[in-house]
Every structure is written in C-alpha cells, then in structure tokens.
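So this block is start.tsv, TSV, C-alpha atoms:
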chain	number	residue	atom	x	y	z
O	917	MET	CA	2.53	2.10	-24.64
O	918	ASN	CA	3.28	5.81	-24.56
O	919	LEU	CA	5.24	6.73	-21.41
O	920	LEU	CA	3.00	9.68	-20.62
O	921	VAL	CA	-0.11	7.48	-20.86
O	922	LEU	CA	1.61	4.92	-18.63
O	923	TYR	CA	2.38	7.65	-16.08
O	924	LEU	CA	-1.18	9.01	-16.20
O	925	LEU	CA	-2.75	5.54	-15.80
O	926	LEU	CA	-0.55	4.75	-12.81
O	927	LEU	CA	-1.10	8.23	-11.38
O	928	LYS	CA	-4.86	7.71	-11.66
O	929	ALA	CA	-4.52	4.42	-9.76
O	930	SER	CA	-2.27	6.01	-7.15
O	931	VAL	CA	-4.38	9.16	-6.65
O	932	THR	CA	-7.59	7.20	-6.19
O	933	SER	CA	-6.20	4.87	-3.54
O	934	PHE	CA	-5.38	5.42	0.09
O	935	SER	CA	-2.92	2.63	0.84
O	936	GLY	CA	-0.04	0.86	-0.88
O	937	LEU	CA	-2.05	-2.02	-2.33
O	938	GLY	CA	-5.24	0.06	-2.55
O	939	SER	CA	-4.39	0.96	-6.14
O	940	LEU	CA	-4.43	-2.71	-7.15
O	941	PRO	CA	-8.08	-2.78	-8.37
O	942	MET	CA	-7.49	0.19	-10.69
O	943	VAL	CA	-4.18	-1.21	-11.95
O	944	ARG	CA	-5.72	-4.61	-12.64
O	945	ASN	CA	-8.66	-3.01	-14.41
O	946	ASP	CA	-6.47	-0.82	-16.65
O	947	PHE	CA	-3.55	-3.18	-17.36
O	948	VAL	CA	-5.07	-6.67	-17.18
O	949	VAL	CA	-8.77	-6.29	-18.05
O	950	GLU	CA	-9.00	-3.23	-20.32
O	951	ARG	CA	-5.66	-3.09	-22.17
O	952	GLN	CA	-4.40	-6.66	-21.62
O	953	LEU	CA	-0.81	-5.48	-21.23
O	954	LEU	CA	-0.29	-7.85	-18.30
O	955	THR	CA	-1.74	-11.17	-17.20
O	956	ASP	CA	-2.93	-11.81	-13.64
O	957	HIS	CA	0.22	-13.88	-13.16
O	958	GLU	CA	2.49	-11.02	-14.28
O	959	LEU	CA	0.62	-8.63	-12.00
O	960	ASN	CA	1.09	-11.10	-9.15
O	961	MET	CA	4.82	-11.24	-9.90
O	962	ALA	CA	5.02	-7.43	-9.87
O	963	VAL	CA	3.32	-7.38	-6.47
O	964	VAL	CA	5.72	-10.02	-5.17
O	965	ALA	CA	8.76	-8.11	-6.53
O	966	GLY	CA	7.51	-4.92	-4.86
O	967	ARG	CA	6.99	-6.70	-1.57
O	968	THR	CA	10.25	-8.64	-1.49
O	969	GLY	CA	12.55	-5.70	-0.72
O	970	PRO	CA	12.30	-2.93	1.87
O	971	GLY	CA	10.11	0.15	1.40
O	972	PRO	CA	6.39	0.84	1.07
O	973	PHE	CA	3.89	-1.69	-0.33
O	974	GLY	CA	3.07	0.71	-3.19
O	975	LEU	CA	6.44	-0.02	-4.80
O	976	TYR	CA	4.73	-2.70	-6.86
O	977	LEU	CA	3.58	0.16	-9.15
O	978	VAL	CA	7.22	0.64	-10.23
O	979	CYS	CA	7.43	-3.09	-11.03
O	980	VAL	CA	4.15	-2.98	-12.99
O	981	ALA	CA	5.52	-0.07	-15.04
O	982	TYR	CA	8.80	-1.97	-15.53
O	983	GLU	CA	6.91	-5.04	-16.80
O	984	VAL	CA	5.06	-2.84	-19.31
O	985	ARG	CA	7.85	-0.55	-20.60
O	986	GLY	CA	11.20	-1.56	-19.08
O	987	ILE	CA	13.46	0.94	-17.28
O	988	PRO	CA	11.85	4.13	-18.74
O	989	GLY	CA	8.48	2.72	-17.68
O	990	ALA	CA	9.84	2.02	-14.19
O	991	PHE	CA	10.86	5.66	-13.91
O	992	MET	CA	7.31	6.72	-14.86
O	993	GLY	CA	5.96	4.29	-12.28
O	994	PHE	CA	8.28	5.82	-9.69
O	995	LEU	CA	7.01	9.33	-10.53
O	996	ALA	CA	3.38	8.16	-10.36
O	997	LEU	CA	4.11	6.56	-7.00
O	998	ILE	CA	5.54	9.67	-5.35
O	999	THR	CA	3.48	12.44	-7.01
O	1000	PRO	CA	0.33	12.17	-4.83
O	1001	ALA	CA	2.39	12.25	-1.62
O	1002	PHE	CA	3.07	15.96	-2.06
O	1003	LEU	CA	-0.66	16.71	-1.78
O	1004	VAL	CA	-0.13	16.29	1.95
O	1005	ILE	CA	1.72	19.65	2.12
O	1006	PRO	CA	-1.34	21.84	1.34
O	1007	LEU	CA	-3.39	19.45	3.49
O	1008	ILE	CA	-1.12	20.18	6.44
O	1009	ARG	CA	-1.44	23.91	5.90
O	1010	TRP	CA	-5.12	24.29	5.18
O	1011	ILE	CA	-7.20	21.17	5.73
O	1012	GLY	CA	-5.55	19.67	8.79
O	1013	LYS	CA	-7.93	21.36	11.20
O	1014	ARG	CA	-11.00	20.01	9.39
O	1015	ALA	CA	-9.93	16.36	9.60
O	1016	ASP	CA	-11.88	15.96	12.85
O	1017	ILE	CA	-15.21	17.14	11.44
O	1018	PRO	CA	-17.49	14.06	11.73
O	1019	ARG	CA	-18.94	14.47	8.22
O	1020	VAL	CA	-15.47	14.63	6.63
O	1021	ARG	CA	-14.29	11.66	8.71
O	1022	SER	CA	-17.38	9.74	7.68
O	1023	ALA	CA	-16.81	10.46	3.98
O	1024	ILE	CA	-13.23	9.19	4.33
O	1025	ARG	CA	-14.60	6.07	6.01
O	1026	GLY	CA	-16.98	5.48	3.09
O	1027	LEU	CA	-14.03	5.81	0.73
O	1028	LEU	CA	-11.93	3.32	2.72
O	1029	LEU	CA	-14.77	0.78	2.89
O	1030	ALA	CA	-15.36	1.03	-0.87
O	1031	SER	CA	-11.60	0.59	-1.37
O	1032	ALA	CA	-11.72	-2.56	0.76
O	1033	GLY	CA	-14.55	-3.95	-1.40
O	1034	LEU	CA	-12.50	-3.25	-4.53
O	1035	LEU	CA	-9.44	-4.83	-2.98
O	1036	ILE	CA	-11.46	-7.99	-2.26
O	1037	SER	CA	-12.63	-8.00	-5.87
O	1038	SER	CA	-9.00	-7.77	-7.10
O	1039	SER	CA	-7.69	-10.27	-4.59
O	1040	VAL	CA	-10.05	-13.04	-5.70
O	1041	PRO	CA	-8.52	-13.61	-9.19
O	1042	LEU	CA	-4.97	-13.04	-7.91
O	1043	THR	CA	-5.58	-15.58	-5.15
O	1044	MET	CA	-6.97	-18.04	-7.69
O	1045	ASP	CA	-3.86	-17.51	-9.83
O	1046	ALA	CA	-1.62	-18.17	-6.83
O	1047	PHE	CA	-3.59	-21.27	-5.85
O	1048	THR	CA	-1.88	-24.37	-7.19
O	1049	GLY	CA	-3.04	-26.96	-4.66
O	1050	ALA	CA	-3.27	-27.69	-0.97
O	1051	PHE	CA	0.29	-26.55	-0.31
O	1052	SER	CA	-0.26	-23.05	-1.71
O	1053	ALA	CA	-3.54	-22.79	0.22
O	1054	ILE	CA	-1.68	-23.59	3.45
O	1055	LEU	CA	0.94	-20.94	2.62
O	1056	MET	CA	-1.79	-18.36	1.95
O	1057	ALA	CA	-3.58	-19.13	5.21
O	1058	ALA	CA	-0.31	-19.11	7.16
O	1059	SER	CA	0.68	-15.78	5.60
O	1060	PHE	CA	-2.69	-14.25	6.47
O	1061	GLY	CA	-2.55	-15.60	10.02
O	1062	ILE	CA	1.04	-14.54	10.67
O	1063	LEU	CA	0.49	-11.00	9.42
O	1064	THR	CA	-2.85	-10.59	11.18
O	1065	PHE	CA	-2.14	-12.14	14.55
O	1066	THR	CA	1.62	-11.77	15.10
O	1067	ARG	CA	4.21	-9.01	14.82
O	1068	ILE	CA	6.61	-11.07	12.74
O	1069	ASP	CA	8.31	-8.98	10.06
O	1070	SER	CA	6.95	-9.67	6.57
O	1071	ALA	CA	10.53	-10.08	5.30
O	1072	TRP	CA	10.82	-13.26	7.37
O	1073	LEU	CA	7.48	-14.38	6.04
O	1074	MET	CA	8.63	-13.94	2.43
O	1075	LEU	CA	11.87	-15.74	3.17
O	1076	GLY	CA	10.01	-18.59	4.88
O	1077	ALA	CA	7.53	-18.88	2.01
O	1078	ALA	CA	10.38	-19.03	-0.53
O	1079	GLY	CA	12.07	-21.73	1.56
O	1080	ALA	CA	8.82	-23.67	1.89
O	1081	GLY	CA	8.25	-23.48	-1.89
O	1082	LEU	CA	11.79	-24.74	-2.47
O	1083	ALA	CA	11.42	-27.57	0.06
O	1084	ALA	CA	8.10	-28.63	-1.48
O	1085	SER	CA	9.65	-28.81	-4.97
O	1086	LEU	CA	12.51	-30.98	-3.66
O	1087	PHE	CA	10.01	-33.43	-2.15
O	1088	HIS	CA	8.26	-33.67	-5.50
P	947	MET	CA	12.23	20.51	23.84
P	948	ASN	CA	16.01	20.44	23.35
P	949	PRO	CA	16.91	19.07	19.96
P	950	GLN	CA	20.10	16.98	20.07
P	951	SER	CA	21.29	18.65	16.85
P	952	SER	CA	19.60	21.14	14.57
P	953	PRO	CA	17.84	19.54	11.62
P	954	SER	CA	18.97	20.15	8.04
P	955	VAL	CA	17.70	18.77	4.74
P	956	LYS	CA	20.92	16.74	4.38
P	957	LYS	CA	20.66	15.15	7.82
P	958	LEU	CA	16.94	14.56	7.41
P	959	THR	CA	17.51	12.88	4.03
P	960	GLU	CA	20.19	10.65	5.55
P	961	ILE	CA	17.79	9.45	8.24
P	962	PHE	CA	14.99	8.68	5.79
P	963	PHE	CA	17.48	6.92	3.53
P	964	ARG	CA	18.80	4.74	6.36
P	965	VAL	CA	15.48	3.91	8.03
P	966	GLY	CA	13.39	3.66	4.86
P	967	ASN	CA	15.71	1.30	3.02
P	968	THR	CA	16.61	-1.06	5.83
P	969	THR	CA	13.18	-1.58	7.37
P	970	PHE	CA	11.06	-4.45	6.08
P	971	GLY	CA	7.38	-4.90	6.90
P	972	GLY	CA	5.71	-1.94	5.22
P	973	GLY	CA	4.39	1.43	6.36
P	974	TYR	CA	3.51	0.98	10.01
P	975	VAL	CA	6.87	-0.56	10.91
P	976	THR	CA	8.78	2.16	9.07
P	977	ILE	CA	6.69	4.93	10.69
P	978	GLY	CA	7.44	3.42	14.10
P	979	MET	CA	11.19	3.42	13.38
P	980	LEU	CA	11.06	7.03	12.12
P	981	GLY	CA	9.18	8.06	15.28
P	982	ARG	CA	11.87	6.51	17.44
P	983	GLU	CA	14.56	8.42	15.50
P	984	LEU	CA	12.90	11.81	14.92
P	985	VAL	CA	10.70	12.20	18.02
P	986	ASP	CA	12.42	10.23	20.78
P	987	THR	CA	16.11	10.39	19.87
P	988	ARG	CA	16.63	13.63	17.95
P	989	ARG	CA	13.52	15.55	19.03
P	990	TRP	CA	13.25	17.31	15.69
P	991	ILE	CA	9.46	17.10	15.75
P	992	SER	CA	6.95	17.03	18.62
P	993	PRO	CA	4.78	13.93	19.18
P	994	GLU	CA	1.69	16.05	18.38
P	995	LYS	CA	3.04	17.13	14.98
P	996	PHE	CA	4.20	13.59	14.29
P	997	ASP	CA	0.64	12.37	14.99
P	998	LEU	CA	-0.80	15.10	12.75
P	999	ALA	CA	1.48	13.97	9.92
P	1000	PHE	CA	0.31	10.38	10.47
P	1001	ALA	CA	-3.38	11.37	10.44
P	1002	LEU	CA	-3.09	13.52	7.32
P	1003	ALA	CA	-1.07	10.87	5.51
P	1004	ARG	CA	-4.00	8.50	6.07
P	1005	VAL	CA	-6.34	10.82	4.12
P	1006	THR	CA	-3.82	11.75	1.41
P	1007	PRO	CA	-4.24	9.83	-1.85
P	1008	GLY	CA	-1.53	7.33	-2.69
P	1009	THR	CA	0.76	5.33	-0.46
P	1010	ASN	CA	0.34	6.42	3.18
P	1011	LEU	CA	3.99	5.94	4.09
P	1012	ILE	CA	5.24	8.20	1.27
P	1013	ALA	CA	2.72	10.93	2.17
P	1014	PHE	CA	3.76	10.56	5.79
P	1015	CYS	CA	7.41	11.14	4.84
P	1016	ALA	CA	6.45	14.21	2.80
P	1017	ALA	CA	4.44	15.56	5.76
P	1018	VAL	CA	7.19	14.99	8.34
P	1019	GLY	CA	9.84	16.34	5.96
P	1020	ALA	CA	7.72	19.46	5.32
P	1021	LEU	CA	7.08	20.01	9.03
P	1022	ILE	CA	10.80	19.78	9.86
P	1023	CYS	CA	12.51	21.40	6.83
P	1024	GLY	CA	9.79	22.78	4.56
P	1025	VAL	CA	9.21	21.72	0.94
P	1026	ALA	CA	12.90	20.81	0.44
P	1027	GLY	CA	12.63	18.50	3.44
P	1028	ALA	CA	9.53	16.87	1.96
P	1029	ILE	CA	11.24	16.23	-1.37
P	1030	GLY	CA	14.43	14.95	0.30
P	1031	ALA	CA	12.49	12.61	2.60
P	1032	VAL	CA	10.34	11.15	-0.18
P	1033	LEU	CA	13.24	10.61	-2.59
P	1034	ALA	CA	15.50	9.12	0.09
P	1035	LEU	CA	12.80	6.67	1.12
P	1036	THR	CA	11.56	5.60	-2.31
P	1037	ALA	CA	14.35	5.92	-4.92
P	1038	PRO	CA	16.74	3.21	-3.64
P	1039	SER	CA	13.96	0.75	-2.75
P	1040	SER	CA	12.34	1.34	-6.18
P	1041	ALA	CA	15.62	0.52	-7.90
P	1042	LEU	CA	15.90	-2.63	-5.80
P	1043	ALA	CA	12.31	-3.61	-6.65
P	1044	VAL	CA	13.10	-3.28	-10.38
P	1045	LEU	CA	16.19	-5.44	-9.93
P	1046	ILE	CA	14.08	-8.07	-8.19
P	1047	ALA	CA	11.47	-7.93	-11.00
P	1048	TYR	CA	14.29	-8.30	-13.53
P	1049	GLY	CA	15.59	-11.30	-11.58
P	1050	PHE	CA	12.13	-12.87	-11.62
P	1051	GLU	CA	12.01	-12.51	-15.43
P	1052	ARG	CA	15.44	-14.15	-15.79
P	1053	TRP	CA	14.53	-17.03	-13.50
P	1054	GLN	CA	11.31	-17.92	-15.32
P	1055	GLY	CA	12.92	-21.09	-16.74
P	1056	ASN	CA	14.70	-22.10	-13.55
P	1057	ARG	CA	12.68	-24.78	-11.73
P	1058	ILE	CA	14.26	-24.19	-8.31
P	1059	ALA	CA	13.91	-20.40	-8.48
P	1060	MET	CA	10.32	-20.68	-9.68
P	1061	ALA	CA	9.50	-23.04	-6.80
P	1062	ALA	CA	10.79	-20.42	-4.34
P	1063	ILE	CA	8.94	-17.64	-6.16
P	1064	GLY	CA	5.76	-19.79	-6.19
P	1065	GLY	CA	5.95	-19.94	-2.40
P	1066	THR	CA	6.23	-16.17	-2.15
P	1067	VAL	CA	3.35	-15.64	-4.62
P	1068	ALA	CA	1.12	-17.70	-2.31
P	1069	ALA	CA	2.37	-15.72	0.70
P	1070	VAL	CA	1.58	-12.42	-1.04
P	1071	ALA	CA	-1.97	-13.63	-1.74
P	1072	GLY	CA	-2.32	-14.19	2.01
P	1073	MET	CA	-0.86	-10.72	2.62
P	1074	MET	CA	-3.52	-9.13	0.42
P	1075	TRP	CA	-6.25	-10.61	2.60
P	1076	ALA	CA	-4.39	-9.47	5.70
P	1077	THR	CA	-4.28	-5.93	4.20
P	1078	ILE	CA	-8.04	-6.06	3.63
P	1079	TRP	CA	-8.52	-7.01	7.26
P	1080	VAL	CA	-6.22	-4.14	8.37
P	1081	ILE	CA	-8.40	-1.69	6.40
P	1082	LEU	CA	-11.69	-3.08	7.73
P	1083	LYS	CA	-10.77	-3.79	11.34
P	1084	PRO	CA	-10.92	-0.17	12.66
P	1085	HIS	CA	-14.42	0.18	11.19
P	1086	VAL	CA	-15.92	-2.90	12.77
P	1087	GLY	CA	-18.19	-2.00	15.69
P	1088	ARG	CA	-18.92	-3.73	19.00
P	1089	MET	CA	-22.04	-5.71	19.88
P	1090	THR	CA	-24.10	-2.62	20.71
P	1091	ILE	CA	-26.80	-0.90	18.65
P	1092	LYS	CA	-24.34	1.69	17.36
P	1093	GLY	CA	-21.75	-1.00	16.80
P	1094	MET	CA	-24.21	-3.09	14.80
P	1095	ILE	CA	-25.11	-0.07	12.65
P	1096	ARG	CA	-21.38	0.49	12.03
P	1097	ASN	CA	-21.05	-3.15	11.00
P	1098	LEU	CA	-24.03	-2.78	8.68
P	1099	GLN	CA	-22.29	0.18	7.03
P	1100	VAL	CA	-19.15	-1.92	6.59
P	1101	VAL	CA	-21.04	-4.85	5.06
P	1102	LEU	CA	-23.19	-2.70	2.76
P	1103	ILE	CA	-20.51	-0.34	1.43
P	1104	THR	CA	-17.74	-2.95	1.18
P	1105	GLY	CA	-20.12	-5.60	-0.17
P	1106	ALA	CA	-21.68	-3.25	-2.72
P	1107	ALA	CA	-18.24	-2.17	-3.94
P	1108	PHE	CA	-17.19	-5.82	-4.28
P	1109	VAL	CA	-20.36	-6.81	-6.16
P	1110	ALA	CA	-20.23	-3.74	-8.44
P	1111	SER	CA	-16.63	-4.49	-9.37
P	1112	ARG	CA	-16.69	-8.28	-9.50
P	1113	PHE	CA	-20.07	-8.99	-11.07
P	1114	PHE	CA	-20.94	-5.80	-12.94
P	1115	GLN	CA	-17.37	-4.87	-14.01
P	1116	ILE	CA	-17.90	-1.26	-12.94
P	1117	THR	CA	-14.56	0.58	-12.94
P	1118	PRO	CA	-13.03	1.53	-9.55
P	1119	LEU	CA	-13.28	5.34	-9.80
P	1120	PRO	CA	-17.11	5.64	-9.77
P	1121	ILE	CA	-17.27	2.99	-7.05
P	1122	ILE	CA	-14.86	5.00	-4.87
P	1123	LEU	CA	-16.78	8.22	-5.53
P	1124	VAL	CA	-20.12	6.61	-4.64
P	1125	GLY	CA	-18.57	5.07	-1.50
P	1126	THR	CA	-17.29	8.49	-0.43
P	1127	LEU	CA	-20.70	10.07	-1.12
P	1128	ILE	CA	-22.51	7.38	0.89
P	1129	GLY	CA	-20.06	7.93	3.73
P	1130	PHE	CA	-20.68	11.68	3.56
P	1131	LEU	CA	-24.47	11.31	3.58
P	1132	TRP	CA	-24.73	8.36	5.98
P	1133	LYS	CA	-22.69	9.52	8.94
P	1134	ASP	CA	-20.57	7.00	10.84
P	1135	ALA	CA	-22.81	5.61	13.62
P	1136	LYS	CA	-19.96	6.27	16.08
P	1137	ASP	CA	-20.46	10.03	15.56
P	1138	SER	CA	-24.25	10.11	15.49

Go ahead and express the file in the form of structure tokens.
Amino acid sequence: MNLLVLYLLLLKASVTSFSGLGSLPMVRNDFVVERQLLTDHELNMAVVAGRTGPGPFGLYLVCVAYEVRGIPGAFMGFLALITPAFLVIPLIRWIGKRADIPRVRSAIRGLLLASAGLLISSSVPLTMDAFTGAFSAILMAASFGILTFTRIDSAWLMLGAAGAGLAASLFH
Amino acid sequence: MNPQSSPSVKKLTEIFFRVGNTTFGGGYVTIGMLGRELVDTRRWISPEKFDLAFALARVTPGTNLIAFCAAVGALICGVAGAIGAVLALTAPSSALAVLIAYGFERWQGNRIAMAAIGGTVAAVAGMMWATIWVILKPHVGRMTIKGMIRNLQVVLITGAAFVASRFFQITPLPIILVGTLIGFLWKDAKDS
C-alpha cells in the first residue's frame, strides 16, 4: 500500500474519532473489511501492542500501520496519530468560548453517542476473535470489571492477564 | 501565582517526556500526573486554563490525551511548546509500541509467549467494553423525566449507530455525521 494512502486512511480514522480507541470502527472498516490488509486477529494484536506500553490508547494506530507497511508505515501511523491534535490550537484561540453553548454541546454529545455505537459494532467481532472458551470469557469480564469499578492501573491488568494466560497453558 | 521556575520549551518537553512515557493507564491517569506537575508543583499554568485545555481536548478530533498535551503546551509556550509536548509524549511510546508489535510477530510460533499474549488479548477485549462504558456513562440520566429522555437519546443514537454499522455495513463517517446532526437538532434534555 502506498504510504500516502496509508497516512490518509489513518488520518481519516483519527480525525473522525474523539478518543484513543474511537478510531477503531473506521480502521476495521478500511483495513479489515474493505481492503483486507489485516485480519481481525491482527487488528486485535495491534490493539494489544498499543496498549501494552505506556502512552495514549491511540498508539495502536502506529502498530496497525507497522503491520501493514513495516517501519515506514509506522512512521506514517505516528504522523496520522499526532496530526489532529494540533487542531486544538485554533480551537483554544477562537472556539473555546463557544464550547458552553447548549446546541454545540448537544451536537458533540450526538457525535460521542454515535461513536459509542460504532465502537460496540467493532468490539463485537474483536471480542468473538478473543473468545477461546470459558477462561478467556472470565478474563474479559474481569478486565471490564477491574477497569470500570476499580482504580487499578491497566498495566497491572495486562501483566496479570499475561500471567493468567501463561498459568492456564501450563495447566493444559 | 509564583512559578517555581520560568517555563521553557526544553523544560516543558522534559516534563512531558518523563510523565508521558512512564505513566501506564491511558489518558486520564496521564492528565492527572501532568496536572500535579504543571499546576500544583511548578505553577506554570492556572487550574482554569488547565481545565480549558482538558475541555477543548475532549472536542478535538483524535486522541484526547495528545490534543490535551498540544493545548497545554500551546498555553504555556506557544506553538513550539505544543509541538515539543506532543512529540515528547508520543514519539518514545510509539517506538516502544512498534517494538512490542515486532516482538508479537516473532513470538507467533512460541507456545508460552502466545499463551501470555492470548491472556492479554482477552483483557483488551474487556478493556474495549470498559471504554464504551466510559463514553456512555456521563450521558446516562437519572430516574426523572429529563433523565429518562436523556437515556432515550443514548439508546436511540447509540443503538442506531450500532445497527447501521453492524447490520447494514454503513461506513463510520456518515454515521458520525448523522449522529452529530441529530445531537444538534435534538438538544440534550439536560439543557432543555
């Protein structure tokens, strides 16, 4: 895939999302469904790689680009990841005061809710790919519960999940 | 306000590098650590401006945390501060993420490594659902008339986006645009 096209596809996903994993539906649509450059499993692995280290959740875009085009692709993914952030500078200067207008706030809410619906749609096949039996279902539920109801750092969660996966394989 | 030392792009970049690349747990945790450093300890930015940066980062496309860093960097040291903050936060962690992805590729045939990775894949699936809940939670209303109308908005817009994507294979962009338009036309019940 052409590096510029890769950058533009990832930029499109990044610009139309409002959270780190919010771009996932667009990425899945472009790279898994439309162009079949990645499988759901490879996309899952990219998400895991992006979440394993420190930094923002959106880092998975760099891993997706790496899976598609190696190191040059990763650089394009990095550029696509950071480009939209600079839109905040004109926002600070000119639009900041309008952020409290109810109609604007409401439009943003509509956008976030639609994003949540899309994220559910993307999470279903990725969850099915990650599901390998009762043990993986327990890990998923535990991960959801720990992140939702406790303040435990996700790094510990990832470490614990890796350890649990390892322990389960030894028992088998 | 008496800043402990005057801010510079170099010092600002150092702080974003240190905090951004040693803090696990995503955006909210990192923002909290940056607040402790920049607002409480060094007093380079007022709490009000810090909050403004947080609010605007929420409505800026892309990853909130990166937009937040650009906003705080711009408020403290102008455009150079924004660039320094964003690069310091994202470049090292991106390189590490690529190394991890490379490691995953190499370990594909290793049964023990794949068992560990399988555990983390399941955990990430759980994390995705937790992220969905984080997005939806602030929009869920109480058991009042207004609250129920808010909940109806959540169910209809989120549900319609899910159905359109999952069962009609409509691409995300038009779904997001329609969601924004519905939000614009159908005001949040909290404000009506």

*For atom CA of O:Ala1030 and atom CA of P:Leu1011, quote the distance in Å rounded to one decimal.*
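If I compute the distance from atom CA of O:Ala1030 to atom CA of P:Leu1011, I get 20.6 Å.
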
*Please write as a VMD selection string the list of polymer residues whose atoms come within 12 Å of (-13.9, 7.3, 7.0), counting all atoms listed in the file and keeping to the coordinates of the file.*
(chain O and resid 934 1015 to 1032) or (chain P and resid 1001 1004 to 1005 1081 to 1082 1084 to 1086 1096 1099 to 1100 1103 1125 to 1137)

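Counting from atom CA of O:Leu937, the distance to atom CA of O:Met1074 is 16.7 Å.
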
*Considering all atoms listed in the file, return as a list of chain:residue names whatever protein or nucleic-acid residues lie within 12 Å of P:Gly1049, sequence-local ones (same chain, fewer than 2 positions apart) excluded.*
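What passes the distance filter is O:Met961, O:Ala962, O:Val964, O:Ala965, O:Thr968, O:Cys979, O:Glu983, P:Leu1042, P:Ala1043, P:Val1044, P:Leu1045, P:Ile1046, P:Ala1047, P:Glu1051, P:Arg1052, P:Trp1053, P:Gln1054, P:Gly1055, P:Asn1056, P:Ala1059, P:Met1060, P:Ile1063.
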
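From atom CA of O:Val980 back to atom CA of O:Ala1053, the distance works out to 25.0 Å.
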
*Given all atoms listed in the file as the counted atoms, nearest of O:Met1044, O:Ala981, O:Ala1058, O:Ala1078 to chain P*: O:Ala1078

*For P:Gly966, list every protein, DNA or RNA residue within 12 Å, evaluated using all atoms listed in the file, and leave out those in the same chain fewer than 2 positions away; present the list as an MDAnalysis selection string.*
(chainID O and resid 969:972) or (chainID P and resid 958:964 968:980 983 1011:1012 1014:1015 1031:1040)

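Checking O:Ile1062, O:Ala1050, O:His1088, O:Gly966 one by one against chain P, counting only C-alpha atoms, you find the shortest gap at O:Gly966.
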
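Using all atoms listed in the file, the shortest contact distance between chain O and any of P:Lys995, P:Arg982, P:Lys957, P:Arg1088 is found at P:Lys995.
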
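For the set O:Gly1076, O:Gly936, O:Gly1049, O:Pro1041, the residue with the smallest atom-to-atom gap to chain P is O:Gly936, counting only C-alpha atoms.
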
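Using all atoms listed in the file, the residues found no farther than 9 Å from O:Leu997, other than those of its own chain fewer than 5 positions away, are Leu926, Leu927, Ser930, Val931, Gly974, Leu975, Leu977, Val978 and Met992 of chain O; Gly1008, Thr1009, Ile1012 and Thr1036 of chain P.
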
*For each of P:Lys956, P:Leu1002, P:Trp1079, P:Ile1122, take the minimum atom-to-atom distance to P:Gly1027, counting all atoms listed in the file, then give the residue where this is smallest.*
P:Lys956

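Among the candidate residues O:Asn945, O:Ser935, O:Ser1039, O:Thr1048, the one lying nearest to O:Phe973 is O:Ser935, with distances computed using only C-alpha atoms.
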
With N, CA and C atoms as the goal, would you fill in the gaps in stretch 1011-1029 of chain P and present it as a compact mmCIF listing (two decimals), in the coordinates of the input?
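Here's the written file rebuild.txt:
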# COMPACT_ATOMS: atom_id res chain seq x y z
N LEU P 1011 2.64 5.76 3.55
CA LEU P 1011 3.99 5.94 4.09
C LEU P 1011 4.72 7.07 3.36
N ILE P 1012 4.54 7.16 2.04
CA ILE P 1012 5.24 8.20 1.27
C ILE P 1012 4.67 9.57 1.63
N ALA P 1013 3.34 9.66 1.76
CA ALA P 1013 2.72 10.93 2.17
C ALA P 1013 3.17 11.30 3.58
N PHE P 1014 3.31 10.31 4.43
CA PHE P 1014 3.76 10.56 5.79
C PHE P 1014 5.17 11.16 5.77
N CYS P 1015 6.05 10.61 4.94
CA CYS P 1015 7.41 11.14 4.84
C CYS P 1015 7.41 12.57 4.32
N ALA P 1016 6.55 12.84 3.33
CA ALA P 1016 6.45 14.21 2.80
C ALA P 1016 5.97 15.15 3.91
N ALA P 1017 4.99 14.71 4.70
CA ALA P 1017 4.44 15.56 5.76
C ALA P 1017 5.49 15.84 6.83
N VAL P 1018 6.18 14.80 7.29
CA VAL P 1018 7.19 14.99 8.34
C VAL P 1018 8.35 15.84 7.80
N GLY P 1019 8.76 15.55 6.57
CA GLY P 1019 9.84 16.34 5.96
C GLY P 1019 9.45 17.80 5.85
N ALA P 1020 8.19 18.08 5.46
CA ALA P 1020 7.72 19.46 5.32
C ALA P 1020 7.65 20.14 6.69
N LEU P 1021 7.20 19.41 7.70
CA LEU P 1021 7.08 20.01 9.03
C LEU P 1021 8.46 20.34 9.63
N ILE P 1022 9.46 19.55 9.28
CA ILE P 1022 10.80 19.78 9.86
C ILE P 1022 11.62 20.77 9.02
N CYS P 1023 11.62 20.58 7.69
CA CYS P 1023 12.51 21.40 6.83
C CYS P 1023 11.80 22.02 5.63
N GLY P 1024 10.50 22.15 5.67
CA GLY P 1024 9.79 22.78 4.56
C GLY P 1024 9.71 21.88 3.32
N VAL P 1025 9.43 22.50 2.17
CA VAL P 1025 9.21 21.72 0.94
C VAL P 1025 10.47 20.93 0.56
N ALA P 1026 11.65 21.52 0.76
CA ALA P 1026 12.90 20.81 0.44
C ALA P 1026 13.03 19.56 1.30
N GLY P 1027 12.61 19.66 2.54
CA GLY P 1027 12.63 18.50 3.44
C GLY P 1027 11.68 17.42 2.96
N ALA P 1028 10.51 17.84 2.46
CA ALA P 1028 9.53 16.87 1.96
C ALA P 1028 10.09 16.13 0.75
N ILE P 1029 10.70 16.87 -0.16
CA ILE P 1029 11.24 16.23 -1.37
C ILE P 1029 12.39 15.29 -1.00
